[in-house]
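Peer 1: Can you keep this structure in mind? I'll have questions shortly.
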Amino acid sequence: MTPENTTDPGQSPQPESGPNSQPNPDLDPALAELLAHAQKAALQSYSPYSGFRVGAALRLSSGEIVTGTDVENVSYGLTICAERAALVRAVSQFGPRIRIAAVAVANLNQAASPPCGACRQVLAEFISPDAPVLFPAADGLRSMPFSAILPLAFDMKLK
């Protein structure tokens with residue numbers, strides 16, 4: 001079976017124009033910078049099956065910015081979302097004591113892209129409850145504190 005919407009992994013897709021690719025003058029400059037990193041990461045997306053190109057950028061409490069992009073698999077359940085890809089990269093690069101101060105998500109398809117439930121739960125291990133999470137919503141960019149997008153995260157206090 002050949003997918004209808006394929007992208008050659010060797011090609012860098014160009015961002016499409018639209019509300020998620022344009023600077024927002026009302027956006028906090030630090031979040032605007034983070035969003036630009038997420039948009040750049042989305043250009044590296046491996047999404048030959050859905051064509052849904054997503055990037056994420058994490059600002060760590062140290063000030064470092066770490067990005068990730070979605071990596072699809074023919075078995076959709078094995079696809080890695082951009083947010084988790086960025087988190088795995090951050091832990092690999094800076095160690096398990098990292099803390100996330102802010103998150104930005106971008107897609108190049110001009111569609112709503114809040115972090116999925118799995119990404120929210122994985123982020124919960126490393127993020128401050130008041131950290132802003134910026135993502136494209138149906139009505140434009142939305143910024144919410146992490147505690148608002150995952151109010152009842154699974155929690156296990158290890159002794």
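Just remember, in the structure tokens the first chain shown is A, the second B, etc., residues are 1-based per chain, and ligands are 1-based in the order shown.
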Run DSSP on the backbone and give me the residues of chain A it puts in helix (DSSP H, G or I), as a PDB file with N, CA and C atoms, in the first residue's frame.

Peer 2:
```
ATOM      1  N   PRO A  29       7.865  38.196  23.805  1.00  0.00           N
ATOM      2  CA  PRO A  29       9.058  37.957  22.981  1.00  0.00           C
ATOM      3  C   PRO A  29       9.754  36.623  23.260  1.00  0.00           C
ATOM      4  N   ALA A  30       9.782  36.188  24.512  1.00  0.00           N
ATOM      5  CA  ALA A  30      10.425  34.907  24.828  1.00  0.00           C
ATOM      6  C   ALA A  30       9.635  33.748  24.233  1.00  0.00           C
ATOM      7  N   LEU A  31       8.289  33.823  24.269  1.00  0.00           N
ATOM      8  CA  LEU A  31       7.471  32.775  23.658  1.00  0.00           C
ATOM      9  C   LEU A  31       7.538  32.848  22.133  1.00  0.00           C
ATOM     10  N   ALA A  32       7.631  34.057  21.584  1.00  0.00           N
ATOM     11  CA  ALA A  32       7.774  34.206  20.128  1.00  0.00           C
ATOM     12  C   ALA A  32       9.070  33.550  19.652  1.00  0.00           C
ATOM     13  N   GLU A  33      10.148  33.733  20.413  1.00  0.00           N
ATOM     14  CA  GLU A  33      11.419  33.100  20.065  1.00  0.00           C
ATOM     15  C   GLU A  33      11.286  31.577  20.128  1.00  0.00           C
ATOM     16  N   LEU A  34      10.632  31.085  21.156  1.00  0.00           N
ATOM     17  CA  LEU A  34      10.440  29.642  21.313  1.00  0.00           C
ATOM     18  C   LEU A  34       9.597  29.094  20.156  1.00  0.00           C
ATOM     19  N   LEU A  35       8.560  29.823  19.766  1.00  0.00           N
ATOM     20  CA  LEU A  35       7.716  29.414  18.644  1.00  0.00           C
ATOM     21  C   LEU A  35       8.527  29.354  17.348  1.00  0.00           C
ATOM     22  N   ALA A  36       9.407  30.306  17.139  1.00  0.00           N
ATOM     23  CA  ALA A  36      10.256  30.288  15.937  1.00  0.00           C
ATOM     24  C   ALA A  36      11.121  29.035  15.906  1.00  0.00           C
ATOM     25  N   HIS A  37      11.640  28.630  17.058  1.00  0.00           N
ATOM     26  CA  HIS A  37      12.430  27.386  17.132  1.00  0.00           C
ATOM     27  C   HIS A  37      11.556  26.173  16.811  1.00  0.00           C
ATOM     28  N   ALA A  38      10.324  26.170  17.305  1.00  0.00           N
ATOM     29  CA  ALA A  38       9.407  25.059  17.032  1.00  0.00           C
ATOM     30  C   ALA A  38       9.065  24.987  15.545  1.00  0.00           C
ATOM     31  N   GLN A  39       8.848  26.142  14.926  1.00  0.00           N
ATOM     32  CA  GLN A  39       8.543  26.169  13.498  1.00  0.00           C
ATOM     33  C   GLN A  39       9.721  25.640  12.676  1.00  0.00           C
ATOM     34  N   LYS A  40      10.917  26.021  13.070  1.00  0.00           N
ATOM     35  CA  LYS A  40      12.112  25.539  12.370  1.00  0.00           C
ATOM     36  C   LYS A  40      12.256  24.022  12.539  1.00  0.00           C
ATOM     37  N   ALA A  41      11.977  23.515  13.723  1.00  0.00           N
ATOM     38  CA  ALA A  41      12.058  22.072  13.964  1.00  0.00           C
ATOM     39  C   ALA A  41      11.033  21.329  13.114  1.00  0.00           C
ATOM     40  N   ALA A  42       9.858  21.903  12.921  1.00  0.00           N
ATOM     41  CA  ALA A  42       8.813  21.246  12.131  1.00  0.00           C
ATOM     42  C   ALA A  42       9.257  21.009  10.693  1.00  0.00           C
ATOM     43  N   TYR A  76       1.098   3.565  13.094  1.00  0.00           N
ATOM     44  CA  TYR A  76       0.878   4.889  13.683  1.00  0.00           C
ATOM     45  C   TYR A  76       1.117   4.955  15.190  1.00  0.00           C
ATOM     46  N   GLY A  77       0.813   3.898  15.909  1.00  0.00           N
ATOM     47  CA  GLY A  77       0.995   3.900  17.361  1.00  0.00           C
ATOM     48  C   GLY A  77       2.447   4.055  17.785  1.00  0.00           C
ATOM     49  N   LEU A  78       3.377   3.781  16.885  1.00  0.00           N
ATOM     50  CA  LEU A  78       4.805   3.919  17.195  1.00  0.00           C
ATOM     51  C   LEU A  78       5.351   5.291  16.822  1.00  0.00           C
ATOM     52  N   ALA A  82       6.361  15.456  18.447  1.00  0.00           N
ATOM     53  CA  ALA A  82       7.427  16.449  18.562  1.00  0.00           C
ATOM     54  C   ALA A  82       7.753  16.791  20.013  1.00  0.00           C
ATOM     55  N   GLU A  83       6.731  16.889  20.856  1.00  0.00           N
ATOM     56  CA  GLU A  83       6.958  17.260  22.248  1.00  0.00           C
ATOM     57  C   GLU A  83       7.788  16.207  22.972  1.00  0.00           C
ATOM     58  N   ARG A  84       7.449  14.932  22.758  1.00  0.00           N
ATOM     59  CA  ARG A  84       8.218  13.856  23.395  1.00  0.00           C
ATOM     60  C   ARG A  84       9.607  13.738  22.800  1.00  0.00           C
ATOM     61  N   ALA A  85       9.734  13.972  21.487  1.00  0.00           N
ATOM     62  CA  ALA A  85      11.058  13.944  20.859  1.00  0.00           C
ATOM     63  C   ALA A  85      11.957  15.024  21.477  1.00  0.00           C
ATOM     64  N   ALA A  86      11.401  16.212  21.705  1.00  0.00           N
ATOM     65  CA  ALA A  86      12.180  17.297  22.317  1.00  0.00           C
ATOM     66  C   ALA A  86      12.561  16.948  23.749  1.00  0.00           C
ATOM     67  N   LEU A  87      11.629  16.355  24.480  1.00  0.00           N
ATOM     68  CA  LEU A  87      11.907  15.994  25.872  1.00  0.00           C
ATOM     69  C   LEU A  87      12.990  14.924  25.963  1.00  0.00           C
ATOM     70  N   VAL A  88      12.902  13.907  25.131  1.00  0.00           N
ATOM     71  CA  VAL A  88      13.923  12.849  25.136  1.00  0.00           C
ATOM     72  C   VAL A  88      15.284  13.443  24.786  1.00  0.00           C
ATOM     73  N   ARG A  89      15.293  14.345  23.831  1.00  0.00           N
ATOM     74  CA  ARG A  89      16.554  15.005  23.466  1.00  0.00           C
ATOM     75  C   ARG A  89      17.099  15.829  24.638  1.00  0.00           C
ATOM     76  N   ALA A  90      16.223  16.537  25.332  1.00  0.00           N
ATOM     77  CA  ALA A  90      16.657  17.362  26.467  1.00  0.00           C
ATOM     78  C   ALA A  90      17.266  16.507  27.573  1.00  0.00           C
ATOM     79  N   VAL A  91      16.606  15.397  27.896  1.00  0.00           N
ATOM     80  CA  VAL A  91      17.136  14.511  28.942  1.00  0.00           C
ATOM     81  C   VAL A  91      18.448  13.888  28.477  1.00  0.00           C
ATOM     82  N   SER A  92      18.516  13.486  27.211  1.00  0.00           N
ATOM     83  CA  SER A  92      19.746  12.890  26.680  1.00  0.00           C
ATOM     84  C   SER A  92      20.902  13.878  26.710  1.00  0.00           C
ATOM     85  N   GLN A  93      20.605  15.130  26.430  1.00  0.00           N
ATOM     86  CA  GLN A  93      21.633  16.163  26.338  1.00  0.00           C
ATOM     87  C   GLN A  93      22.031  16.734  27.698  1.00  0.00           C
ATOM     88  N   PHE A  94      21.050  16.931  28.598  1.00  0.00           N
ATOM     89  CA  PHE A  94      21.310  17.661  29.846  1.00  0.00           C
ATOM     90  C   PHE A  94      21.056  16.852  31.111  1.00  0.00           C
ATOM     91  N   GLY A 117      -2.501  13.711  24.800  1.00  0.00           N
ATOM     92  CA  GLY A 117      -2.525  13.238  26.186  1.00  0.00           C
ATOM     93  C   GLY A 117      -1.235  12.570  26.608  1.00  0.00           C
ATOM     94  N   ALA A 118      -0.650  11.758  25.722  1.00  0.00           N
ATOM     95  CA  ALA A 118       0.611  11.089  26.061  1.00  0.00           C
ATOM     96  C   ALA A 118       1.722  12.114  26.271  1.00  0.00           C
ATOM     97  N   CYS A 119       1.787  13.111  25.408  1.00  0.00           N
ATOM     98  CA  CYS A 119       2.814  14.153  25.564  1.00  0.00           C
ATOM     99  C   CYS A 119       2.607  14.939  26.855  1.00  0.00           C
ATOM    100  N   ARG A 120       1.373  15.255  27.168  1.00  0.00           N
ATOM    101  CA  ARG A 120       1.080  15.989  28.403  1.00  0.00           C
ATOM    102  C   ARG A 120       1.559  15.206  29.618  1.00  0.00           C
ATOM    103  N   GLN A 121       1.267  13.913  29.638  1.00  0.00           N
ATOM    104  CA  GLN A 121       1.652  13.101  30.786  1.00  0.00           C
ATOM    105  C   GLN A 121       3.172  12.981  30.890  1.00  0.00           C
ATOM    106  N   VAL A 122       3.857  12.813  29.771  1.00  0.00           N
ATOM    107  CA  VAL A 122       5.323  12.698  29.802  1.00  0.00           C
ATOM    108  C   VAL A 122       5.951  14.032  30.208  1.00  0.00           C
ATOM    109  N   LEU A 123       5.428  15.137  29.693  1.00  0.00           N
ATOM    110  CA  LEU A 123       5.931  16.454  30.091  1.00  0.00           C
ATOM    111  C   LEU A 123       5.747  16.688  31.585  1.00  0.00           C
ATOM    112  N   ALA A 124       4.668  16.150  32.155  1.00  0.00           N
ATOM    113  CA  ALA A 124       4.339  16.377  33.569  1.00  0.00           C
ATOM    114  C   ALA A 124       5.476  15.990  34.508  1.00  0.00           C
ATOM    115  N   PHE A 146       0.687  24.933  32.131  1.00  0.00           N
ATOM    116  CA  PHE A 146       0.649  23.486  31.994  1.00  0.00           C
ATOM    117  C   PHE A 146      -0.435  22.860  32.872  1.00  0.00           C
ATOM    118  N   SER A 147      -0.603  23.353  34.081  1.00  0.00           N
ATOM    119  CA  SER A 147      -1.607  22.774  34.991  1.00  0.00           C
ATOM    120  C   SER A 147      -3.018  22.850  34.415  1.00  0.00           C
ATOM    121  N   ALA A 148      -3.265  23.783  33.497  1.00  0.00           N
ATOM    122  CA  ALA A 148      -4.587  23.896  32.886  1.00  0.00           C
ATOM    123  C   ALA A 148      -4.779  22.889  31.754  1.00  0.00           C
ATOM    124  N   ILE A 149      -3.693  22.470  31.106  1.00  0.00           N
ATOM    125  CA  ILE A 149      -3.872  21.503  30.021  1.00  0.00           C
ATOM    126  C   ILE A 149      -3.809  20.059  30.521  1.00  0.00           C
TER     127      ILE A 149
END
```

Peer 1: Residues within 10 Å of range 104-112 of chain A, please, as a ChimeraX atom specification. Count only C-alpha atoms; anything in the same chain fewer than 6 positions from it doesn't count.

Peer 2: /A:13-21,31-43,45,51-59,67-70,82-83,132-143

Peer 1: I need the chosen residues saved as a CSV table (one decimal), in the first residue's frame, with C-alpha atoms.

Peer 2:
```
chain,number,residue,atom,x,y,z
A,13,PRO,CA,9.5,21.1,3.1
A,14,GLN,CA,8.9,24.8,3.1
A,15,PRO,CA,6.6,26.3,5.7
A,16,GLU,CA,3.2,27.3,4.5
A,17,SER,CA,1.8,30.8,5.0
A,18,GLY,CA,-0.8,31.3,7.6
A,19,PRO,CA,-1.5,32.4,11.2
A,20,ASN,CA,1.0,30.0,12.7
A,21,SER,CA,3.9,31.0,10.5
A,31,LEU,CA,7.5,32.8,23.7
A,32,ALA,CA,7.8,34.2,20.1
A,33,GLU,CA,11.4,33.1,20.1
A,34,LEU,CA,10.4,29.6,21.3
A,35,LEU,CA,7.7,29.4,18.6
A,36,ALA,CA,10.3,30.3,15.9
A,37,HIS,CA,12.4,27.4,17.1
A,38,ALA,CA,9.4,25.1,17.0
A,39,GLN,CA,8.5,26.2,13.5
A,40,LYS,CA,12.1,25.5,12.4
A,41,ALA,CA,12.1,22.1,14.0
A,42,ALA,CA,8.8,21.2,12.1
A,43,LEU,CA,10.7,21.6,8.8
A,45,SER,CA,9.4,16.4,10.4
A,51,GLY,CA,1.9,15.0,6.0
A,52,PHE,CA,1.2,16.6,9.5
A,53,ARG,CA,4.4,18.4,10.2
A,54,VAL,CA,4.9,19.4,13.9
A,55,GLY,CA,7.8,20.9,15.8
A,56,ALA,CA,8.2,21.6,19.5
A,57,ALA,CA,10.6,23.7,21.5
A,58,LEU,CA,11.3,23.5,25.2
A,59,ARG,CA,12.9,26.3,27.2
A,67,THR,CA,13.7,21.2,19.9
A,68,GLY,CA,12.1,18.1,18.5
A,69,THR,CA,9.9,17.1,15.6
A,70,ASP,CA,7.4,14.3,14.9
A,82,ALA,CA,7.4,16.4,18.6
A,83,GLU,CA,7.0,17.3,22.2
A,132,PRO,CA,3.3,28.4,29.7
A,133,VAL,CA,2.4,26.0,26.9
A,134,LEU,CA,1.9,27.8,23.5
A,135,PHE,CA,0.2,25.9,20.7
A,136,PRO,CA,-2.0,26.4,17.7
A,137,ALA,CA,-5.7,26.2,18.5
A,138,ALA,CA,-8.7,26.4,16.2
A,139,ASP,CA,-9.0,30.1,16.9
A,140,GLY,CA,-5.3,30.9,16.7
A,141,LEU,CA,-2.3,30.7,19.0
A,142,ARG,CA,-3.2,29.9,22.6
A,143,SER,CA,-1.0,30.0,25.7
```

Peer 1: Please give the complete set of residues from range 6-155 of chain A that DSSP, run on the backbone, assigns to strand (DSSP E or B), formatted as a PyMOL selection string.

Peer 2: chain A and resi 46+54-60+65-69+71+80+100-107+127+132-137+140-145
